[in-house]
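Structure file structure33.cif (mmCIF, C-alpha atoms) follows.
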data_run
loop_
_atom_site.label_atom_id
_atom_site.label_comp_id
_atom_site.auth_asym_id
_atom_site.auth_seq_id
_atom_site.Cartn_x
_atom_site.Cartn_y
_atom_site.Cartn_z
CA MET E 1 5.30 -10.72 15.41
CA LEU E 2 2.79 -9.62 12.80
CA THR E 3 1.99 -13.22 11.91
CA GLY E 4 1.35 -13.93 15.60
CA ALA E 5 -0.86 -10.87 15.83
CA PHE E 6 -2.89 -11.96 12.81
CA ALA E 7 -3.22 -15.43 14.35
CA LEU E 8 -4.69 -13.73 17.43
CA VAL E 9 -7.07 -11.80 15.16
CA PHE E 10 -8.59 -14.95 13.68
CA PHE E 11 -8.26 -17.47 16.52
CA TYR E 12 -8.40 -15.43 19.74
CA ALA E 13 -10.24 -12.12 19.28
CA PRO E 14 -14.03 -12.51 19.58
CA LEU E 15 -16.46 -11.59 16.82
CA ASP E 16 -17.77 -8.07 17.15
CA ALA E 17 -21.40 -7.98 18.28
CA ASP E 18 -22.28 -5.16 15.90
CA GLN E 19 -20.17 -5.75 12.77
CA GLY E 20 -19.47 -9.46 13.05
CA PHE E 21 -16.57 -10.97 11.06
CA ILE E 22 -16.03 -7.83 8.99
CA GLN E 23 -14.62 -6.07 12.09
CA LYS E 24 -11.45 -8.21 11.67
CA ILE E 25 -10.33 -5.60 9.11
CA PHE E 26 -9.95 -3.24 12.07
CA TYR E 27 -6.79 -5.11 13.20
CA VAL E 28 -4.91 -4.41 9.98
CA HIS E 29 -6.47 -1.07 8.96
CA VAL E 30 -6.14 0.88 12.22
CA PRO E 31 -2.56 -0.15 13.18
CA MET E 32 -1.47 0.66 9.63
CA ALA E 33 -3.15 4.09 9.83
CA LEU E 34 -1.65 4.88 13.25
CA VAL E 35 1.86 3.81 12.22
CA ALA E 36 1.60 5.79 8.96
CA LEU E 37 0.47 8.95 10.80
CA VAL E 38 3.16 8.61 13.47
CA GLY E 39 5.66 7.97 10.64
CA PHE E 40 4.65 11.25 8.99
CA MET E 41 5.16 13.08 12.28
CA ALA E 42 8.50 11.32 12.84
CA GLY E 43 9.51 12.46 9.34
CA GLY E 44 8.87 16.04 10.48
CA VAL E 45 10.95 15.59 13.64
CA LEU E 46 13.84 14.09 11.66
CA ALA E 47 13.58 16.95 9.16
CA ALA E 48 13.81 19.43 12.04
CA LEU E 49 16.99 17.67 13.17
CA HIS E 50 18.32 18.02 9.63
CA LEU E 51 17.65 21.76 9.58
CA ARG E 52 19.26 22.11 13.00
CA THR E 53 22.40 20.05 12.39
CA ARG E 54 22.66 20.29 8.55
CA GLU E 55 23.69 16.64 8.54
CA THR E 56 22.46 14.78 5.45
CA LYS E 57 21.77 11.58 7.41
CA TRP E 58 18.74 13.25 9.05
CA ASP E 59 17.36 14.28 5.66
CA MET E 60 17.83 10.69 4.49
CA ARG E 61 16.04 9.33 7.57
CA SER E 62 13.18 11.80 7.12
CA TYR E 63 12.92 10.86 3.42
CA VAL E 64 12.85 7.11 4.15
CA THR E 65 10.32 7.49 7.00
CA ILE E 66 7.96 9.47 4.78
CA HIS E 67 8.50 7.01 1.92
CA VAL E 68 7.47 3.98 4.01
CA SER E 69 4.59 5.93 5.63
CA VAL E 70 3.16 6.76 2.21
CA ILE E 71 3.27 3.06 1.26
CA LEU E 72 1.35 2.23 4.45
CA ALA E 73 -1.07 5.08 3.71
CA VAL E 74 -1.92 3.45 0.37
CA GLY E 75 -2.76 0.29 2.32
CA VAL E 76 -4.88 2.30 4.77
CA LEU E 77 -6.91 3.86 1.95
CA VAL E 78 -7.50 0.55 0.17
CA THR E 79 -8.32 -1.51 3.29
CA GLY E 80 -10.51 1.34 4.59
CA SER E 81 -12.36 1.42 1.31
CA ILE E 82 -12.96 -2.35 1.49
CA TRP E 83 -14.20 -2.02 5.07
CA ALA E 84 -16.48 0.87 4.06
CA ARG E 85 -17.96 -1.20 1.22
CA ALA E 86 -18.65 -4.10 3.56
CA SER E 87 -20.00 -1.99 6.44
CA TRP E 88 -21.74 0.92 4.77
CA GLY E 89 -22.33 -0.42 1.26
CA HIS E 90 -20.15 2.27 -0.38
CA TRP E 91 -16.49 2.22 -1.39
CA TRP E 92 -16.05 5.85 -0.37
CA ILE E 93 -18.12 8.42 1.53
CA TRP E 94 -17.14 12.00 0.82
CA ASP E 95 -18.91 13.55 3.84
CA GLU E 96 -17.08 11.34 6.33
CA PRO E 97 -14.35 13.54 7.90
CA MET E 98 -11.97 10.71 8.82
CA LEU E 99 -11.80 9.32 5.30
CA VAL E 100 -11.46 12.65 3.55
CA SER E 101 -8.90 14.01 6.02
CA PHE E 102 -6.71 10.93 5.60
CA LEU E 103 -6.97 11.28 1.81
CA ILE E 104 -5.88 14.93 2.15
CA VAL E 105 -2.88 13.90 4.27
CA PHE E 106 -1.98 11.23 1.70
CA LEU E 107 -2.26 13.65 -1.23
CA LEU E 108 -0.21 16.22 0.69
CA TYR E 109 2.62 13.72 1.13
CA ALA E 110 2.26 12.52 -2.46
CA THR E 111 3.65 15.94 -3.46
CA TYR E 112 6.84 15.32 -1.47
CA TRP E 113 8.67 13.55 -4.34
CA PRO E 114 7.70 16.03 -7.09
CA LEU E 115 8.84 18.81 -4.75
CA ARG E 116 12.21 17.19 -4.21
CA PHE E 117 12.66 16.28 -7.85
CA SER E 118 11.82 19.80 -9.03
CA ILE E 119 14.79 21.27 -7.14
CA GLU E 120 18.11 20.54 -8.80
CA ASP E 121 20.44 22.01 -6.21
CA LYS E 122 20.94 19.26 -3.61
CA ASP E 123 21.42 21.55 -0.62
CA ARG E 124 18.35 23.59 -1.43
CA GLN E 125 16.38 20.42 -2.19
CA SER E 126 17.07 18.95 1.25
CA ARG E 127 16.29 22.24 3.03
CA TYR E 128 12.98 22.81 1.21
CA ALA E 129 11.98 19.17 1.69
CA SER E 130 12.74 19.44 5.40
CA VAL E 131 10.58 22.56 5.74
CA PHE E 132 7.79 20.73 3.90
CA ALA E 133 8.16 17.65 6.16
CA ILE E 134 8.00 19.80 9.31
CA VAL E 135 4.90 21.74 8.21
CA ALA E 136 3.13 18.63 6.91
CA GLY E 137 4.16 16.68 10.03
CA ALA E 138 2.63 19.38 12.24
CA PHE E 139 -0.52 19.30 10.09
CA VAL E 140 -1.09 15.59 10.81
CA PRO E 141 -1.92 15.80 14.57
CA LEU E 142 -3.86 19.04 14.02
CA ASN E 143 -5.90 17.35 11.34
CA PHE E 144 -6.43 14.28 13.51
CA THR E 145 -7.58 16.40 16.47
CA ALA E 146 -9.94 18.42 14.27
CA VAL E 147 -11.54 15.24 12.96
CA ARG E 148 -11.89 13.84 16.48
CA MET E 149 -13.57 17.06 17.61
CA ALA E 150 -15.97 17.02 14.66
CA GLU E 151 -19.09 14.99 15.27
CA SER E 152 -18.94 11.82 13.29
CA PHE E 153 -21.79 9.35 13.24
CA THR E 154 -20.40 6.73 10.94
CA HIS E 155 -16.65 6.14 11.32
CA PRO E 156 -15.87 4.05 14.43
CA GLU E 157 -13.31 5.48 16.85
CA THR E 158 -10.26 3.40 17.73
CA GLY E 159 -10.47 4.17 21.46
CA THR E 160 -14.11 3.14 21.65
CA MET E 161 -13.52 -0.09 19.73
CA THR E 162 -10.57 -1.21 21.86
CA THR E 163 -11.56 -0.06 25.36
CA SER E 164 -15.28 -0.78 25.33
CA GLY E 165 -14.83 -4.39 24.23
CA PRO E 166 -13.33 -7.37 26.06
CA ALA E 167 -9.65 -7.45 27.03
CA SER E 168 -8.93 -9.89 24.19
CA VAL E 169 -9.81 -7.17 21.66
CA THR E 170 -7.40 -4.70 23.29
CA LEU E 171 -4.64 -7.33 23.50
CA THR E 172 -5.07 -8.34 19.85
CA PHE E 173 -5.11 -4.70 18.75
CA LEU E 174 -1.93 -3.93 20.74
CA ALA E 175 -0.20 -7.00 19.26
CA SER E 176 -1.16 -5.87 15.74
CA LEU E 177 0.04 -2.35 16.49
CA LEU E 178 3.38 -3.63 17.79
CA GLY E 179 3.76 -5.92 14.77
CA MET E 180 3.00 -3.10 12.37
CA THR E 181 5.48 -0.81 14.16
CA LEU E 182 8.21 -3.45 13.91
CA LEU E 183 7.41 -3.95 10.21
CA PHE E 184 7.68 -0.19 9.68
CA VAL E 185 11.06 -0.02 11.44
CA THR E 186 12.32 -3.04 9.46
CA LEU E 187 11.25 -1.56 6.12
CA CYS E 188 12.86 1.77 7.04
CA LYS E 189 16.14 0.04 7.89
CA TYR E 190 15.97 -2.01 4.69
CA GLU E 191 15.36 1.10 2.59
CA MET E 192 18.10 3.02 4.39
CA ALA E 193 20.63 0.24 3.78
CA SER E 194 19.69 0.15 0.10
CA LYS E 195 20.01 3.94 -0.27
CA ASN E 196 23.36 4.00 1.57
CA ALA E 197 24.75 1.23 -0.65
CA THR E 198 23.51 3.03 -3.79
CA PHE E 199 25.13 6.31 -2.79
CA ARG E 200 28.40 4.71 -1.79
CA LEU E 201 28.47 3.07 -5.21
CA ARG E 202 27.78 6.40 -6.88
CA ALA E 203 30.57 7.99 -4.87
CA LEU E 204 32.88 5.24 -6.02
CA ARG E 205 31.76 5.79 -9.61
CA ARG E 206 32.43 9.52 -9.28
CA ARG E 207 35.93 8.82 -7.99
CA LEU E 208 36.56 6.48 -10.89
CA ALA E 209 35.06 9.04 -13.27
CA GLY E 210 37.92 11.36 -12.40
CA ASP E 211 39.78 9.80 -15.29
CA ASP E 212 36.85 8.21 -17.13
CA ASP E 213 33.88 10.51 -17.91
CA GLU E 214 31.60 7.77 -19.19
CA LEU E 215 31.29 6.43 -15.63
CA ALA E 216 29.76 9.66 -14.30
CA LEU E 217 26.06 9.31 -13.50
CA PRO E 218 23.35 11.91 -14.03
CA GLY E 219 22.98 13.61 -10.64
CA ARG E 220 19.29 14.46 -10.61
CA SER E 221 17.27 12.48 -8.09
CA ALA E 222 14.44 12.99 -5.60
CA ALA E 223 16.37 11.06 -2.97
CA PRO E 224 18.89 12.84 -0.72
CA GLN E 225 22.56 12.55 -1.73
CA LEU E 226 24.99 11.43 0.93
CA MET N 1 -26.42 -1.79 9.70
CA PRO N 2 -26.70 -5.51 10.49
CA ALA N 3 -23.55 -7.63 10.37
CA LEU N 4 -22.86 -9.36 7.07
CA PRO N 5 -23.12 -13.15 7.03
CA LEU N 6 -19.78 -14.93 7.36
CA ASP N 7 -19.62 -16.13 3.73
CA GLU N 8 -20.10 -12.58 2.44
CA ALA N 9 -17.92 -10.85 5.08
CA GLY N 10 -15.11 -13.37 4.54
CA LYS N 11 -14.27 -12.17 1.05
CA TYR N 12 -13.95 -8.55 2.21
CA VAL N 13 -11.75 -9.53 5.16
CA ALA N 14 -9.61 -11.72 2.88
CA ALA N 15 -9.35 -8.87 0.36
CA ALA N 16 -8.18 -6.42 3.04
CA TYR N 17 -5.49 -8.77 4.38
CA LEU N 18 -4.39 -9.71 0.85
CA VAL N 19 -3.99 -6.02 -0.03
CA PHE N 20 -1.69 -5.63 2.95
CA LEU N 21 0.27 -8.75 2.02
CA ALA N 22 0.52 -7.63 -1.62
CA LEU N 23 1.87 -4.22 -0.57
CA VAL N 24 4.60 -5.79 1.55
CA LEU N 25 5.48 -8.33 -1.15
CA ILE N 26 5.64 -5.69 -3.90
CA TYR N 27 7.89 -3.56 -1.69
CA VAL N 28 10.18 -6.51 -0.96
CA ALA N 29 10.30 -7.44 -4.67
CA ILE N 30 11.27 -3.87 -5.64
CA MET N 31 13.97 -3.84 -2.97
CA ALA N 32 15.26 -7.21 -4.21
CA ALA N 33 15.51 -5.82 -7.74
CA LYS N 34 17.43 -2.80 -6.42
CA LEU N 35 19.76 -5.10 -4.50
CA ALA N 36 20.42 -7.14 -7.64
CA ARG N 37 21.25 -3.93 -9.54
CA ILE N 38 23.63 -2.85 -6.77
CA GLU N 39 25.33 -6.24 -6.92
CA ARG N 40 25.77 -5.95 -10.71
CA GLU N 41 27.26 -2.47 -10.32
CA VAL N 42 29.67 -3.65 -7.63
CA VAL N 43 30.90 -6.44 -9.90
CA GLU N 44 31.20 -4.01 -12.83
CA LEU N 45 33.17 -1.47 -10.78
CA ALA N 46 35.40 -4.13 -9.26
CA GLU N 47 36.24 -5.41 -12.75
CA LEU N 48 37.04 -1.89 -13.91
CA VAL N 49 39.30 -1.24 -10.92
CA GLU N 50 41.10 -4.54 -11.37
CA GLY N 51 41.45 -3.90 -15.11
CA ARG N 52 43.19 -0.58 -14.44
CA GLN N 53 45.72 -2.01 -12.03
CA PRO N 54 49.13 -2.93 -13.44
CA GLY N 55 48.95 -6.53 -14.52
CA GLY N 56 45.14 -6.33 -14.86
CA ALA N 57 44.24 -9.32 -12.65
CA PRO N 58 40.53 -10.12 -12.87
CA ALA N 59 38.39 -9.44 -9.82
CA GLU N 60 37.87 -13.04 -8.77
CA ARG N 61 36.19 -12.32 -5.46
CA ALA N 62 33.72 -9.89 -6.96
CA ARG N 63 32.80 -12.40 -9.64
CA GLU N 64 31.87 -15.05 -7.10
CA PRO N 65 28.07 -15.50 -7.11
CA VAL N 66 26.28 -14.24 -4.05
CA ALA N 67 23.77 -16.70 -2.60
#
Would you put the structure from the file into structure tokens?
Amino acid sequence: MLTGAFALVFFYAPLDADQGFIQKIFYVHVPMALVALVGFMAGGVLAALHLRTRETKWDMRSYVTIHVSVILAVGVLVTGSIWARASWGHWWIWDEPMLVSFLIVFLLYATYWPLRFSIEDKDRQSRYASVFAIVAGAFVPLNFTAVRMAESFTHPETGTMTTSGPASVTLTFLASLLGMTLLFVTLCKYEMASKNATFRLRALRRRLAGDDDELALPGRSAAPQL
Amino acid sequence: MPALPLDEAGKYVAAAYLVFLALVLIYVAIMAAKLARIEREVVELAELVEGRQPGGAPAERAREPVA
């Protein structure tokens, strides 16, 4: 899907009248940013489900969603920086609200793993991490709205770029967004399967360690324990 | 700001898409390494379990290589 979307980017979508070829970065940068931000919010929703039900699977899902979103956020920052260099002549502009707010969101979520790792008790770790994910997840749309309301003269707005152009731009953007969403879901499932297999193995090791102590693993980890 | 000429814009566009590709590939490589570790642990545990059983038959199925 993503390959098809990128084929549309280079062979179907027209060149932007203002930015020219450099605007092609839009089709990877913006879908990645949107999926990362929605992923952060989804992490908050899943964390709320964990606090409500106390089931560890929701904590695991929240953890994995935030994990993959942070990886995408790294991509957003780097591709955005490349686009800024090509469009504005600078790698980073500190008085541009969109850039700085996204960096703040990224740095906020970068503290998620140290927070988890600093709490040894597994139950308390998952509860504190869930509270963090809910608060940070609520911060994301607030932050996004605040930036939209602020007057920005430099950063292009997604709505303007997709709706004011020809239909081919909108179609290509939607295809990229769908492809990025599917990639996100796939990576989350992949990560979840890996974590589940690891914890089942650890459980098996613990059972075997009942009569063989050298098989017992150190329990401290930032990841939730099933 | 006027649009960059194609030869100059091309390297930035290529860099952006390569960054994305690199991120996905690094992630997949890390996951592959984790999967290989899990496979090793499964084999190790299966051998231990088989070794403890009376008769101590080796874990033939676990030793079979996974494609």
message: Give me, as a PyMOL selection string, the residues of chain N touching chain E, with the criterion being at most 10 Å (counting all atoms listed in the file).
response: chain N and resi 1-24+27-28+31-32+34-35+37-39+41-42+45+48-49
Hits from the PyMOL selection byres ((chain E and resi 176) around 10), listed as a JSON list (two decimals) with C-alpha atoms, keeping the file's coordinate frame:
[["chain", "number", "residue", "atom", "x", "y", "z"],
["E", 1, "MET", "CA", 5.30, -10.72, 15.41],
["E", 2, "LEU", "CA", 2.79, -9.62, 12.80],
["E", 3, "THR", "CA", 1.99, -13.22, 11.91],
["E", 4, "GLY", "CA", 1.35, -13.93, 15.60],
["E", 5, "ALA", "CA", -0.86, -10.87, 15.83],
["E", 6, "PHE", "CA", -2.89, -11.96, 12.81],
["E", 7, "ALA", "CA", -3.22, -15.43, 14.35],
["E", 8, "LEU", "CA", -4.69, -13.73, 17.43],
["E", 9, "VAL", "CA", -7.07, -11.80, 15.16],
["E", 26, "PHE", "CA", -9.95, -3.24, 12.07],
["E", 27, "TYR", "CA", -6.79, -5.11, 13.20],
["E", 28, "VAL", "CA", -4.91, -4.41, 9.98],
["E", 29, "HIS", "CA", -6.47, -1.07, 8.96],
["E", 30, "VAL", "CA", -6.14, 0.88, 12.22],
["E", 31, "PRO", "CA", -2.56, -0.15, 13.18],
["E", 32, "MET", "CA", -1.47, 0.66, 9.63],
["E", 170, "THR", "CA", -7.40, -4.70, 23.29],
["E", 171, "LEU", "CA", -4.64, -7.33, 23.50],
["E", 172, "THR", "CA", -5.07, -8.34, 19.85],
["E", 173, "PHE", "CA", -5.11, -4.70, 18.75],
["E", 174, "LEU", "CA", -1.93, -3.93, 20.74],
["E", 175, "ALA", "CA", -0.20, -7.00, 19.26],
["E", 177, "LEU", "CA", 0.04, -2.35, 16.49],
["E", 178, "LEU", "CA", 3.38, -3.63, 17.79],
["E", 179, "GLY", "CA", 3.76, -5.92, 14.77],
["E", 180, "MET", "CA", 3.00, -3.10, 12.37],
["E", 181, "THR", "CA", 5.48, -0.81, 14.16],
["E", 182, "LEU", "CA", 8.21, -3.45, 13.91]]
query: List as a PyMOL selection string: which residues have an atom within 9 Å of (22.0, 20.4, 2.7), counting all atoms listed in the file?
result: chain E and resi 50-51+54-56+59+122-127+224
field: Of the listed residues E:Leu15, E:Val105, E:Ala129, E:Ala146, that which approaches Ala73 of chain E most closely, counting all atoms listed in the file
entry: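 Selected residue with least distance to Ala73 of chain E: E:Val105.
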task: May I ask for the distance between atom CA of Tyr63 of chain E and atom CA of Ala138 of chain E, given in Å to one decimal place?
output: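 We find that atom CA of Tyr63 of chain E and atom CA of Ala138 of chain E lie 16.0 Å from each other.
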message: Please compute the atom CA of Gly44 of chain E-atom CA of Gly137 of chain E distance, one decimal, in Å.
response: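 If I compute the distance from atom CA of Gly44 of chain E to atom CA of Gly137 of chain E, I get 4.8 Å.
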query: Which value, in Å to one decimal, gives the distance between atom CA of Leu108 of chain E and atom CA of Thr65 of chain E?
result: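 If I compute the distance from atom CA of Leu108 of chain E to atom CA of Thr65 of chain E, I get 15.1 Å.
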field: Neighbour list for Ala47 of chain E as a ChimeraX atom specification, cut-off 7 Å, all atoms listed in the file, skip fewer than 5 positions in-chain
entry: /E:58-59,62,130,133-134
